[in-house]
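Asks: structure_24.cif is reproduced below (mmCIF, C-alpha atoms).
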data_target
loop_
_atom_site.label_atom_id
_atom_site.label_comp_id
_atom_site.auth_asym_id
_atom_site.auth_seq_id
_atom_site.Cartn_x
_atom_site.Cartn_y
_atom_site.Cartn_z
CA MET A 1 111.69 106.67 103.92
CA LEU A 2 109.28 108.11 106.46
CA ILE A 3 105.75 109.06 105.41
CA ALA A 4 104.64 111.48 108.08
CA ASN A 5 101.63 113.66 108.98
CA ALA A 6 99.21 111.07 107.64
CA THR A 7 95.86 109.59 108.50
CA LEU A 8 96.43 105.88 108.05
CA ILE A 9 93.79 103.45 106.81
CA THR A 10 95.42 100.12 107.62
CA TRP A 11 92.83 97.63 106.32
CA GLY A 12 93.73 94.21 107.69
CA ALA A 13 91.98 92.66 110.68
CA PRO A 14 91.07 94.76 112.48
CA ASN A 15 91.03 97.77 110.20
CA ARG A 16 92.13 100.96 111.90
CA ILE A 17 92.03 104.66 111.03
CA LEU A 18 94.97 106.39 112.74
CA GLU A 19 95.25 110.18 112.67
CA ASN A 20 98.57 112.06 112.69
CA HIS A 21 100.53 108.89 112.16
CA ALA A 22 103.57 107.90 110.13
CA ILE A 23 104.98 104.88 108.33
CA TYR A 24 108.67 103.97 108.17
CA ILE A 25 109.79 101.97 105.11
CA GLU A 26 113.05 100.13 104.42
CA GLY A 27 113.51 98.59 100.98
CA ASP A 28 110.22 97.13 99.81
CA ARG A 29 108.73 96.56 103.29
CA ILE A 30 106.96 98.53 105.96
CA VAL A 31 109.03 98.49 109.16
CA ALA A 32 106.95 100.52 111.61
CA LEU A 33 103.74 102.49 112.12
CA GLY A 34 103.30 105.03 114.88
CA PRO A 35 102.51 108.61 115.81
CA SER A 36 104.40 111.02 113.57
CA SER A 37 106.32 112.57 116.47
CA ASP A 38 107.48 109.16 117.71
CA LEU A 39 108.72 107.92 114.34
CA ARG A 40 110.39 111.24 113.52
CA ALA A 41 112.35 110.89 116.76
CA LYS A 42 113.14 107.21 116.12
CA TYR A 43 114.28 107.73 112.50
CA PRO A 44 115.68 111.27 112.45
CA ARG A 45 117.84 110.70 109.34
CA ALA A 46 115.13 109.18 107.16
CA ASP A 47 114.02 110.89 103.98
CA THR A 48 110.58 112.25 104.79
CA LEU A 49 107.52 112.41 102.56
CA ASP A 50 105.05 114.83 104.14
CA ALA A 51 101.50 113.48 103.61
CA ARG A 52 100.06 116.86 104.66
CA GLY A 53 97.15 115.20 106.44
CA GLN A 54 96.13 113.02 103.48
CA PHE A 55 94.80 109.51 103.88
CA VAL A 56 97.52 106.88 103.44
CA MET A 57 96.36 103.37 102.66
CA PRO A 58 97.37 100.17 100.84
CA GLY A 59 97.38 100.31 97.05
CA ASN A 60 94.38 98.80 95.29
CA ILE A 61 94.54 95.31 93.75
CA CYS A 62 92.95 94.12 90.50
CA ALA A 63 92.17 90.39 90.46
CA HIS A 64 91.57 89.96 86.69
CA THR A 65 92.48 92.23 83.79
CA HIS A 66 93.58 92.24 80.14
CA PHE A 67 96.34 94.70 79.28
CA TYR A 68 96.15 93.63 75.63
CA GLY A 69 92.69 95.20 75.19
CA ALA A 70 93.86 98.79 75.64
CA PHE A 71 93.92 99.55 71.91
CA ALA A 72 90.21 98.72 71.54
CA ARG A 73 89.16 102.08 72.98
CA GLY A 74 87.09 103.98 70.41
CA MET A 75 87.60 101.34 67.71
CA ALA A 76 84.64 100.69 65.41
CA ILE A 77 83.62 97.13 64.53
CA PRO A 78 82.59 96.92 60.85
CA GLY A 79 78.95 96.01 60.26
CA ASP A 80 76.03 95.87 62.65
CA ALA A 81 76.69 95.94 66.37
CA PRO A 82 77.30 92.45 67.85
CA LYS A 83 74.03 91.05 69.15
CA ASP A 84 75.41 88.80 71.90
CA PHE A 85 78.56 87.78 73.75
CA SER A 86 79.59 85.16 71.19
CA GLU A 87 79.55 87.79 68.45
CA ILE A 88 81.52 90.19 70.65
CA LEU A 89 84.23 87.54 71.00
CA GLU A 90 84.26 86.57 67.33
CA ARG A 91 83.98 90.05 65.81
CA LEU A 92 85.99 92.09 68.30
CA TRP A 93 88.34 90.29 70.67
CA TRP A 94 89.38 87.32 68.52
CA ARG A 95 90.16 89.63 65.64
CA LEU A 96 91.92 92.19 67.81
CA ASP A 97 94.24 89.71 69.50
CA LYS A 98 95.33 88.33 66.10
CA ALA A 99 96.31 91.84 65.02
CA LEU A 100 98.68 92.42 67.96
CA THR A 101 102.45 92.54 67.63
CA LEU A 102 104.96 92.30 70.46
CA GLU A 103 105.37 96.08 70.40
CA ASP A 104 101.59 96.45 70.62
CA ALA A 105 101.65 94.16 73.68
CA ARG A 106 104.34 96.31 75.28
CA TYR A 107 102.59 99.63 74.72
CA SER A 108 99.09 98.44 75.53
CA ALA A 109 100.54 97.19 78.84
CA LEU A 110 102.29 100.52 79.45
CA VAL A 111 99.04 102.41 78.78
CA CYS A 112 97.27 100.27 81.38
CA LEU A 113 100.12 100.58 83.87
CA ILE A 114 100.09 104.37 83.67
CA ASP A 115 96.36 104.22 84.29
CA ALA A 116 96.98 101.97 87.31
CA ILE A 117 99.62 104.24 88.84
CA LYS A 118 97.49 107.35 88.39
CA HIS A 119 94.49 105.65 89.98
CA GLY A 120 96.24 103.94 92.87
CA THR A 121 96.27 100.29 91.72
CA THR A 122 99.59 98.67 92.59
CA THR A 123 98.98 94.93 91.99
CA LEU A 124 97.34 93.41 88.90
CA ILE A 125 96.62 89.87 87.71
CA ASP A 126 96.72 89.92 83.90
CA HIS A 127 95.53 87.44 81.27
CA HIS A 128 97.20 87.88 77.86
CA ALA A 129 96.48 86.83 74.25
CA SER A 130 98.37 87.61 71.01
CA PRO A 131 98.17 84.50 68.79
CA ASN A 132 100.45 85.91 66.09
CA ALA A 133 103.04 87.02 68.66
CA ILE A 134 103.08 84.33 71.35
CA GLU A 135 106.73 83.56 72.03
CA GLY A 136 108.27 86.10 74.38
CA SER A 137 105.01 88.03 74.83
CA LEU A 138 105.01 87.56 78.60
CA ASP A 139 108.61 88.78 78.80
CA VAL A 140 107.61 91.94 76.93
CA ILE A 141 104.75 92.58 79.35
CA ALA A 142 106.95 91.80 82.35
CA GLU A 143 109.50 94.34 81.12
CA ALA A 144 106.74 96.96 80.93
CA VAL A 145 105.57 96.12 84.46
CA THR A 146 109.12 96.36 85.76
CA GLN A 147 109.64 99.66 83.94
CA ALA A 148 106.47 100.99 85.56
CA GLY A 149 107.48 99.72 89.00
CA LEU A 150 104.22 97.88 89.72
CA ARG A 151 103.46 94.32 90.84
CA ALA A 152 101.79 91.84 88.46
CA CYS A 153 101.01 88.18 87.92
CA LEU A 154 101.04 87.23 84.21
CA CYS A 155 99.90 84.34 82.03
CA TYR A 156 99.16 83.50 78.40
CA GLU A 157 95.72 82.19 77.43
CA VAL A 158 95.90 78.76 75.79
CA THR A 159 93.11 78.16 73.25
CA ASP A 160 92.29 75.85 70.35
CA ARG A 161 90.62 78.54 68.29
CA ASP A 162 93.83 79.35 66.37
CA GLY A 163 94.88 75.76 65.71
CA GLU A 164 96.91 73.01 67.37
CA GLU A 165 100.34 74.56 66.85
CA LYS A 166 99.38 77.84 68.48
CA ALA A 167 97.76 75.99 71.37
CA LYS A 168 101.08 74.19 71.88
CA ALA A 169 102.93 77.52 71.61
CA GLY A 170 100.67 78.97 74.32
CA ILE A 171 101.44 76.06 76.62
CA LYS A 172 105.16 76.52 75.96
CA GLU A 173 104.99 80.26 76.68
CA ASN A 174 103.26 79.68 80.02
CA LEU A 175 105.76 77.01 81.07
CA ARG A 176 108.78 79.07 79.99
CA PHE A 177 107.57 82.12 81.89
CA LEU A 178 106.64 80.09 84.98
CA GLN A 179 110.19 78.76 85.14
CA SER A 180 111.52 82.30 84.85
CA ALA A 181 109.32 83.39 87.77
CA ILE A 182 110.48 80.43 89.88
CA ARG A 183 114.09 81.53 89.32
CA ASN A 184 113.27 85.03 90.63
CA PRO A 185 111.11 84.46 93.72
CA GLN A 186 111.73 87.94 95.15
CA SER A 187 110.60 89.69 91.98
CA ALA A 188 107.47 91.84 91.71
CA ILE A 189 106.55 89.67 88.69
CA ALA A 190 104.73 86.38 89.29
CA ALA A 191 103.27 83.82 86.90
CA THR A 192 100.38 81.42 86.54
CA PHE A 193 99.10 79.26 83.66
CA GLY A 194 96.48 80.86 81.41
CA LEU A 195 93.57 79.17 79.63
CA HIS A 196 90.95 80.98 77.58
CA ALA A 197 87.65 79.24 78.35
CA SER A 198 86.04 75.83 78.18
CA LEU A 199 84.27 76.78 74.95
CA THR A 200 87.58 77.09 73.05
CA LEU A 201 89.41 74.18 74.70
CA SER A 202 89.22 70.54 73.62
CA ASP A 203 89.56 67.62 76.01
CA ALA A 204 92.96 66.89 74.50
CA THR A 205 94.24 70.44 75.14
CA LEU A 206 92.88 70.51 78.69
CA GLU A 207 94.60 67.20 79.35
CA ALA A 208 97.85 68.50 77.85
CA CYS A 209 97.73 71.60 80.06
CA ARG A 210 97.04 69.55 83.18
CA GLU A 211 99.88 67.14 82.36
CA ALA A 212 102.25 70.07 81.77
CA HIS A 213 101.38 72.01 84.93
CA SER A 214 99.77 71.37 88.30
CA GLY A 215 100.24 74.69 90.06
CA GLY A 216 96.97 76.46 89.30
CA PHE A 217 95.31 78.07 86.30
CA HIS A 218 93.63 81.34 85.27
CA ILE A 219 90.55 80.78 83.06
CA HIS A 220 87.23 82.38 82.09
CA ALA A 221 84.23 80.23 83.02
CA ALA A 222 80.48 80.52 82.49
CA GLU A 223 80.76 84.18 81.47
CA SER A 224 77.76 83.62 79.19
CA GLU A 225 75.33 80.78 78.58
CA ALA A 226 77.30 79.90 75.43
CA ASP A 227 80.08 78.43 77.58
CA GLN A 228 77.58 76.13 79.31
CA TYR A 229 75.90 75.04 76.08
CA ASP A 230 79.27 74.24 74.54
CA SER A 231 80.39 72.24 77.58
CA LEU A 232 77.17 70.24 77.69
CA LYS A 233 77.52 69.45 73.98
CA LYS A 234 81.19 68.44 74.30
CA SER A 235 81.10 66.55 77.54
CA GLY A 236 77.55 66.18 78.84
CA THR A 237 78.58 68.17 81.91
CA ARG A 238 78.52 71.83 82.89
CA VAL A 239 81.61 74.04 82.68
CA VAL A 240 82.81 73.87 86.29
CA ASP A 241 82.25 70.09 86.39
CA ARG A 242 84.28 69.75 83.19
CA LEU A 243 87.13 71.88 84.52
CA ASN A 244 87.10 69.90 87.76
CA LYS A 245 87.31 66.61 85.83
CA PHE A 246 90.53 67.83 84.18
CA GLY A 247 92.06 69.08 87.45
CA ILE A 248 91.87 72.76 86.53
CA LEU A 249 90.25 73.88 89.80
CA GLY A 250 92.11 74.39 93.08
CA PRO A 251 93.36 76.93 95.64
CA ARG A 252 95.83 78.46 93.15
CA SER A 253 93.30 78.65 90.30
CA ILE A 254 91.23 81.65 89.24
CA VAL A 255 87.87 81.34 87.49
CA ALA A 256 86.83 84.69 86.01
CA HIS A 257 83.14 85.68 85.98
CA ALA A 258 81.15 82.50 86.94
CA VAL A 259 77.98 84.34 85.94
CA HIS A 260 76.05 81.23 84.84
CA VAL A 261 76.96 78.58 87.39
CA ASP A 262 74.40 76.41 89.14
CA HIS A 263 74.29 75.36 92.77
CA ARG A 264 76.47 72.26 92.34
CA GLU A 265 79.07 74.21 90.36
CA ALA A 266 79.20 76.76 93.17
CA GLU A 267 79.72 73.92 95.64
CA LEU A 268 82.59 72.58 93.54
CA LEU A 269 84.23 76.00 93.46
CA GLY A 270 83.98 76.19 97.25
CA GLU A 271 85.08 72.59 97.87
CA THR A 272 88.17 72.96 95.69
CA GLY A 273 89.13 76.37 97.12
CA THR A 274 89.05 77.91 93.64
CA TRP A 275 89.04 81.69 93.36
CA VAL A 276 86.26 83.48 91.45
CA THR A 277 86.67 87.04 90.17
CA HIS A 278 83.74 89.39 89.66
CA GLN A 279 83.88 92.07 86.92
CA PRO A 280 80.60 94.06 87.04
CA ARG A 281 81.47 96.75 84.48
CA SER A 282 82.41 94.12 81.90
CA ASN A 283 79.35 92.01 82.65
CA MET A 284 77.11 95.04 82.14
CA ASN A 285 78.92 96.05 78.94
CA ASN A 286 78.64 92.56 77.45
CA ALA A 287 75.07 92.09 78.73
CA VAL A 288 75.91 88.58 79.95
CA GLY A 289 73.96 88.78 83.21
CA ILE A 290 75.04 89.06 86.80
CA ALA A 291 76.91 86.60 88.99
CA ASP A 292 75.15 85.73 92.24
CA VAL A 293 78.12 86.93 94.23
CA GLU A 294 76.35 87.12 97.58
CA SER A 295 75.27 83.47 97.34
CA LEU A 296 78.76 82.39 96.25
CA LEU A 297 80.27 84.14 99.26
CA ARG A 298 77.70 82.56 101.60
CA MET A 299 78.68 79.14 100.22
CA GLY A 300 82.30 79.79 101.09
CA VAL A 301 83.50 80.59 97.58
CA LYS A 302 86.39 83.06 97.57
CA VAL A 303 85.21 85.92 95.34
CA ALA A 304 87.61 88.73 94.41
CA LEU A 305 87.14 91.88 92.31
CA GLY A 306 88.70 92.47 88.89
CA ASN A 307 88.03 94.79 85.96
CA ASP A 308 88.39 92.59 82.83
CA GLY A 309 90.37 95.28 81.03
CA PHE A 310 88.27 98.28 82.01
CA SER A 311 90.14 101.19 83.61
CA ASN A 312 92.38 100.39 86.55
CA ALA A 313 90.44 102.85 88.69
CA MET A 314 89.29 100.10 91.04
CA TRP A 315 86.99 102.32 93.10
CA ASP A 316 84.92 102.64 89.91
CA GLU A 317 84.58 98.84 89.99
CA TRP A 318 83.49 99.05 93.65
CA LYS A 319 80.74 101.46 92.67
CA ALA A 320 79.60 99.35 89.72
CA ALA A 321 79.37 96.26 91.94
CA TYR A 322 77.44 98.15 94.59
CA LEU A 323 74.88 99.54 92.12
CA TYR A 324 74.61 96.72 89.56
CA HIS A 325 73.30 94.12 91.99
CA LYS A 326 70.71 96.50 93.42
CA ALA A 327 69.42 97.42 89.97
CA ALA A 328 69.44 93.86 88.63
CA ARG A 329 67.59 92.47 91.67
CA ARG A 330 65.41 95.56 92.10
CA ASP A 331 66.30 95.47 95.78
CA PRO A 332 68.30 98.29 97.45
CA ARG A 333 69.34 95.91 100.24
CA ARG A 334 71.47 93.79 97.91
CA MET A 335 75.28 94.04 97.76
CA SER A 336 76.22 95.87 100.94
CA GLY A 337 79.22 98.17 100.92
CA ALA A 338 80.80 95.78 103.42
CA THR A 339 80.43 92.94 100.90
CA VAL A 340 82.11 95.02 98.19
CA ALA A 341 84.98 95.74 100.59
CA GLU A 342 85.21 92.01 101.44
CA MET A 343 85.83 91.25 97.75
CA ALA A 344 87.97 94.26 96.86
CA VAL A 345 90.11 94.45 99.99
CA THR A 346 90.13 91.23 102.03
CA ASN A 347 89.79 88.70 99.22
CA ASN A 348 91.88 90.60 96.67
CA ALA A 349 94.69 90.82 99.21
CA ALA A 350 94.45 87.10 99.98
CA LEU A 351 94.48 86.24 96.26
CA ALA A 352 97.49 88.48 95.65
CA GLY A 353 99.18 86.69 98.53
CA VAL A 354 98.90 83.39 96.63
CA PHE A 355 101.28 84.76 94.01
CA PHE A 356 103.35 87.05 96.24
CA PRO A 357 103.72 85.06 99.48
CA GLN A 358 106.96 86.70 100.60
CA ALA A 359 105.12 89.34 102.67
CA PRO A 360 101.58 90.45 103.52
CA ILE A 361 99.97 92.56 100.80
CA GLY A 362 97.04 94.98 100.86
CA VAL A 363 97.59 96.02 104.47
CA LEU A 364 99.58 98.65 106.38
CA ALA A 365 101.49 96.61 108.97
CA PRO A 366 105.11 95.98 109.93
CA GLY A 367 106.59 93.42 107.56
CA ALA A 368 104.04 94.04 104.80
CA PHE A 369 104.94 95.09 101.29
CA ALA A 370 105.21 98.88 101.02
CA ASP A 371 102.50 99.22 98.36
CA ILE A 372 100.92 102.49 99.42
CA ILE A 373 98.78 105.32 98.06
CA LEU A 374 98.07 108.84 99.32
CA VAL A 375 94.50 110.07 98.87
CA ASP A 376 93.45 113.72 99.10
CA TYR A 377 89.94 113.13 100.47
CA HIS A 378 88.32 115.51 102.93
CA PRO A 379 85.24 113.88 104.47
CA THR A 380 82.40 116.29 105.09
CA THR A 381 80.72 113.81 107.44
CA PRO A 382 82.21 111.62 110.18
CA MET A 383 84.32 108.77 108.79
CA THR A 384 84.85 105.65 110.87
CA VAL A 385 86.09 102.12 110.31
CA GLU A 386 82.45 101.01 110.17
CA ASN A 387 81.31 103.44 107.47
CA LEU A 388 84.56 103.59 105.46
CA PRO A 389 83.24 101.41 102.57
CA TRP A 390 80.39 103.86 102.02
CA HIS A 391 82.78 106.83 102.04
CA ILE A 392 84.75 105.06 99.32
CA LEU A 393 81.56 104.32 97.37
CA PHE A 394 80.04 107.79 97.65
CA GLY A 395 82.98 110.10 98.32
CA PHE A 396 86.31 108.75 97.07
CA GLU A 397 87.28 109.38 93.46
CA SER A 398 90.29 107.88 91.74
CA SER A 399 91.43 111.38 90.79
CA MET A 400 92.04 111.98 94.50
CA VAL A 401 95.09 109.67 94.45
CA THR A 402 98.10 112.01 94.62
CA THR A 403 100.99 109.63 95.29
CA THR A 404 101.53 105.97 94.45
CA ILE A 405 104.27 103.80 95.96
CA CYS A 406 104.97 100.16 95.12
CA ALA A 407 107.59 98.00 96.81
CA GLY A 408 108.82 101.11 98.59
CA LYS A 409 109.48 103.02 95.36
CA VAL A 410 107.62 106.28 94.73
CA LEU A 411 106.14 105.95 91.23
CA MET A 412 103.97 109.08 91.28
CA LYS A 413 104.33 112.05 93.60
CA ASP A 414 101.81 114.88 93.78
CA ARG A 415 100.17 113.48 90.61
CA ARG A 416 103.45 113.57 88.64
CA LEU A 417 104.74 110.29 87.21
CA LEU A 418 108.40 109.81 88.08
CA PHE A 419 109.52 106.87 85.91
CA LEU A 420 107.24 106.70 82.88
CA ASP A 421 107.08 109.26 80.08
CA GLU A 422 103.33 109.50 79.64
CA ALA A 423 103.55 111.84 76.64
CA GLU A 424 105.92 109.51 74.74
CA ILE A 425 103.89 106.41 75.60
CA THR A 426 100.64 108.10 74.59
CA THR A 427 102.06 109.29 71.27
CA ARG A 428 103.56 105.91 70.40
CA SER A 429 100.49 103.97 71.49
CA ARG A 430 98.30 106.15 69.25
CA GLU A 431 100.57 105.37 66.27
CA LEU A 432 100.57 101.64 67.04
CA ALA A 433 96.83 101.55 67.64
CA GLN A 434 96.18 103.17 64.24
CA GLN A 435 98.30 100.49 62.56
CA MET A 436 96.58 97.75 64.55
CA TRP A 437 93.14 99.10 63.60
CA GLU A 438 94.13 98.93 59.92
CA ARG A 439 95.25 95.30 60.31
CA PHE A 440 92.02 94.55 62.19
#
Mind converting the file's structure to structure tokens?
Replies:
Amino acid sequence: MLIANATLITWGAPNRILENHAIYIEGDRIVALGPSSDLRAKYPRADTLDARGQFVMPGNICAHTHFYGAFARGMAIPGDAPKDFSEILERLWWRLDKALTLEDARYSALVCLIDAIKHGTTTLIDHHASPNAIEGSLDVIAEAVTQAGLRACLCYEVTDRDGEEKAKAGIKENLRFLQSAIRNPQSAIAATFGLHASLTLSDATLEACREAHSGGFHIHAAESEADQYDSLKKSGTRVVDRLNKFGILGPRSIVAHAVHVDHREAELLGETGTWVTHQPRSNMNNAVGIADVESLLRMGVKVALGNDGFSNAMWDEWKAAYLYHKAARRDPRRMSGATVAEMAVTNNAALAGVFFPQAPIGVLAPGAFADIILVDYHPTTPMTVENLPWHILFGFESSMVTTTICAGKVLMKDRRLLFLDEAEITTRSRELAQQMWERF
């Protein structure tokens, strides 16, 4: 396939903006970039997708999400509103996940995947929980991802909050799915090992997880002060120290949030090469505070950008990150657009590369995965490589994504989904959500 008549935004180092260019794709990889006239002449028999002057750029990446939360939209929690994060967990999320069936897991994933395709997000790192439907849950989600045509890394969150047997079942589900991913290294589905959070994990369970697996973990840490208080009570140490003691940290591990870490914890995250993901919309919604992302980055911590189950319109997460830090610090100089791009583009691509090492990701370059979006944006002021992050923050809207391609396959063209029946999925998800609400 040849995508012609495009203005390419390559990202990568260095980033380039190339007018009237084309991309040639074979299979799931980019083969060549060049002026449209040159590539038309070189590949005269290629099927051509005319970009009509639109921007063509790598698909967005989400570093931490929860497909299983899709059915919470608009759902009322009985009683007074939760007063803090612990109540939000106990009264909303830990009741919702118990109410999920395998079919709920499938359709909540499909709902999120449609959202991702429509908004130009092609790679997602998910963290799943369904304690009354554990076995096979990751297969169900993987089938939905494959049906949608996107790229995802999956795991199941191990926790003690539902009892010892379900903790063991969570470990088993992670290990089973990891072995499946190892057997299919060229797949667009990858796996890691999920843990909920220190506050719901005993020493014995952490030790069991570490003995079962040594290839990296995906865990929430220090999202609220409650996690720190619990860790100090259990172990006399702070959360990151505790996780480090049990071998949970490392260059293949993801720590979500890290809002309430101290200086030494930040050093440990940097020293161990552990990834941190920042989710500003979720942090604002849960009123848990704000991670000191700029300091973490200065200390060499690898910070990426996720959404924690909010919409997969990742440019909305860019904007939240850009504004939240300014408002919280009362300083308009905080959180530069370049820093947001460092998290959302450079670091997200590097994190995705941990799980999909077969080819570069998040960049337009020969040999890279052909994960590409077309964006119908018409800048009314000059747009350069230097000011591109601010155009995205103040000009780009997710509704401007017209075409989404993943692994060389066109999933949406001119805003029309090609492989998912949105009407059927919406109708069925509404039926399932109503039933889940009643169980909740």
Asks: Determine, using only C-alpha atoms, which residues of segment 159-203 of chain A have any atom at most 12 Å from an atom of segment 401-423 of chain A, and tabulate each with its shortest atom pair and distance in Å to one decimal place, rows ordered by chain and then rising number, as a tab-separated table.
Replies:
residue	atom	partner	partner_atom	distance
A:Gln186	CA	A:Ala407	CA	11.0
A:Ser187	CA	A:Ala407	CA	10.1
A:Ala188	CA	A:Ala407	CA	8.0
A:Ile189	CA	A:Ala407	CA	11.7
Asks: Take the residues just selected and output them with C-alpha atoms as an mmCIF file, keeping the file's coordinate frame.
Replies:
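What follows is the written file again-v1.cif:
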data_model
loop_
_atom_site.group_PDB
_atom_site.id
_atom_site.type_symbol
_atom_site.label_atom_id
_atom_site.label_comp_id
_atom_site.auth_asym_id
_atom_site.auth_seq_id
_atom_site.Cartn_x
_atom_site.Cartn_y
_atom_site.Cartn_z
ATOM 1 C CA GLN A 186 111.730 87.940 95.150
ATOM 2 C CA SER A 187 110.600 89.690 91.980
ATOM 3 C CA ALA A 188 107.470 91.840 91.710
ATOM 4 C CA ILE A 189 106.550 89.670 88.690
#
Asks: Have a look at A:Phe394, A:Trp275, A:Tyr324, A:Tyr24 and name the one nearest to Leu305 of chain A; count only C-alpha atoms.
Replies: A:Trp275
Asks: For this file, the PyMOL selection byres ((chain A and resi 217-231) around 7) selects which residues, as a ChimeraX atom specification?
Replies: /A:85,192-199,216,232-239,248,252-261,288
Asks: Would you mind listing what lies within 9 Å of segment 427-432 of chain A as a list in words, with all atoms listed in the file counted and same-chain residues fewer than 2 positions away left out?
Replies: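 In the requested format, the answer is Phe71, Glu103, Asp104, Tyr107, Ser108, Leu110, Val111, Glu422, Ala423, Glu424, Ile425, Gln434, Gln435, Met436 and Trp437 of chain A.
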Asks: So that I have them on file, write out the residues from the current selection with C-alpha atoms, as a PDB file, in the frame of the given file.
Replies:
ATOM      1  CA  PHE A  71      93.920  99.550  71.910  1.00  0.00           C
ATOM      2  CA  GLU A 103     105.370  96.080  70.400  1.00  0.00           C
ATOM      3  CA  ASP A 104     101.590  96.450  70.620  1.00  0.00           C
ATOM      4  CA  TYR A 107     102.590  99.630  74.720  1.00  0.00           C
ATOM      5  CA  SER A 108      99.090  98.440  75.530  1.00  0.00           C
ATOM      6  CA  LEU A 110     102.290 100.520  79.450  1.00  0.00           C
ATOM      7  CA  VAL A 111      99.040 102.410  78.780  1.00  0.00           C
ATOM      8  CA  GLU A 422     103.330 109.500  79.640  1.00  0.00           C
ATOM      9  CA  ALA A 423     103.550 111.840  76.640  1.00  0.00           C
ATOM     10  CA  GLU A 424     105.920 109.510  74.740  1.00  0.00           C
ATOM     11  CA  ILE A 425     103.890 106.410  75.600  1.00  0.00           C
ATOM     12  CA  GLN A 434      96.180 103.170  64.240  1.00  0.00           C
ATOM     13  CA  GLN A 435      98.300 100.490  62.560  1.00  0.00           C
ATOM     14  CA  MET A 436      96.580  97.750  64.550  1.00  0.00           C
ATOM     15  CA  TRP A 437      93.140  99.100  63.600  1.00  0.00           C
TER      16      TRP A 437
END
Asks: Take atom CA of Pro332 of chain A and atom CA of Ile290 of chain A and report the distance between them in Å, one decimal.
Replies: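 Straight-line distance from atom CA of Pro332 of chain A to atom CA of Ile290 of chain A works out to 15.6 Å.
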Asks: Using the chain letters and residue numbers of this document, give as a count of residues only the residues selected by the PyMOL selection byres ((chain A and resi 380-393) around 10).
Replies: 31
Asks: Please fill the gaps in segment 169-182 of chain A so it has N, CA and C atoms, and write that as a PDB file, keeping the file's coordinate frame.
Replies:
ATOM      1  N   ALA A 169     102.061  76.358  71.350  1.00  0.00           N
ATOM      2  CA  ALA A 169     102.930  77.520  71.610  1.00  0.00           C
ATOM      3  C   ALA A 169     102.492  78.258  72.866  1.00  0.00           C
ATOM      4  N   GLY A 170     101.171  78.337  73.099  1.00  0.00           N
ATOM      5  CA  GLY A 170     100.670  78.970  74.320  1.00  0.00           C
ATOM      6  C   GLY A 170     101.076  78.205  75.560  1.00  0.00           C
ATOM      7  N   ILE A 171     100.989  76.884  75.499  1.00  0.00           N
ATOM      8  CA  ILE A 171     101.440  76.060  76.620  1.00  0.00           C
ATOM      9  C   ILE A 171     102.924  76.301  76.889  1.00  0.00           C
ATOM     10  N   LYS A 172     103.705  76.312  75.834  1.00  0.00           N
ATOM     11  CA  LYS A 172     105.160  76.520  75.960  1.00  0.00           C
ATOM     12  C   LYS A 172     105.468  77.883  76.564  1.00  0.00           C
ATOM     13  N   GLU A 173     104.738  78.916  76.147  1.00  0.00           N
ATOM     14  CA  GLU A 173     104.990  80.260  76.680  1.00  0.00           C
ATOM     15  C   GLU A 173     104.680  80.329  78.173  1.00  0.00           C
ATOM     16  N   ASN A 174     103.582  79.717  78.588  1.00  0.00           N
ATOM     17  CA  ASN A 174     103.260  79.680  80.020  1.00  0.00           C
ATOM     18  C   ASN A 174     104.356  78.974  80.810  1.00  0.00           C
ATOM     19  N   LEU A 175     104.766  77.790  80.328  1.00  0.00           N
ATOM     20  CA  LEU A 175     105.760  77.010  81.070  1.00  0.00           C
ATOM     21  C   LEU A 175     107.100  77.728  81.129  1.00  0.00           C
ATOM     22  N   ARG A 176     107.510  78.335  80.019  1.00  0.00           N
ATOM     23  CA  ARG A 176     108.780  79.070  79.990  1.00  0.00           C
ATOM     24  C   ARG A 176     108.757  80.211  80.995  1.00  0.00           C
ATOM     25  N   PHE A 177     107.647  80.957  81.008  1.00  0.00           N
ATOM     26  CA  PHE A 177     107.570  82.120  81.890  1.00  0.00           C
ATOM     27  C   PHE A 177     107.440  81.693  83.351  1.00  0.00           C
ATOM     28  N   LEU A 178     106.724  80.598  83.607  1.00  0.00           N
ATOM     29  CA  LEU A 178     106.640  80.090  84.980  1.00  0.00           C
ATOM     30  C   LEU A 178     108.008  79.733  85.519  1.00  0.00           C
ATOM     31  N   GLN A 179     108.834  79.102  84.702  1.00  0.00           N
ATOM     32  CA  GLN A 179     110.190  78.760  85.140  1.00  0.00           C
ATOM     33  C   GLN A 179     111.010  80.011  85.433  1.00  0.00           C
ATOM     34  N   SER A 180     110.825  81.036  84.610  1.00  0.00           N
ATOM     35  CA  SER A 180     111.520  82.300  84.850  1.00  0.00           C
ATOM     36  C   SER A 180     111.104  82.903  86.182  1.00  0.00           C
ATOM     37  N   ALA A 181     109.803  82.851  86.504  1.00  0.00           N
ATOM     38  CA  ALA A 181     109.320  83.390  87.770  1.00  0.00           C
ATOM     39  C   ALA A 181     109.858  82.596  88.956  1.00  0.00           C
ATOM     40  N   ILE A 182     109.947  81.286  88.809  1.00  0.00           N
ATOM     41  CA  ILE A 182     110.480  80.430  89.880  1.00  0.00           C
ATOM     42  C   ILE A 182     111.935  80.798  90.175  1.00  0.00           C
TER      43      ILE A 182
END
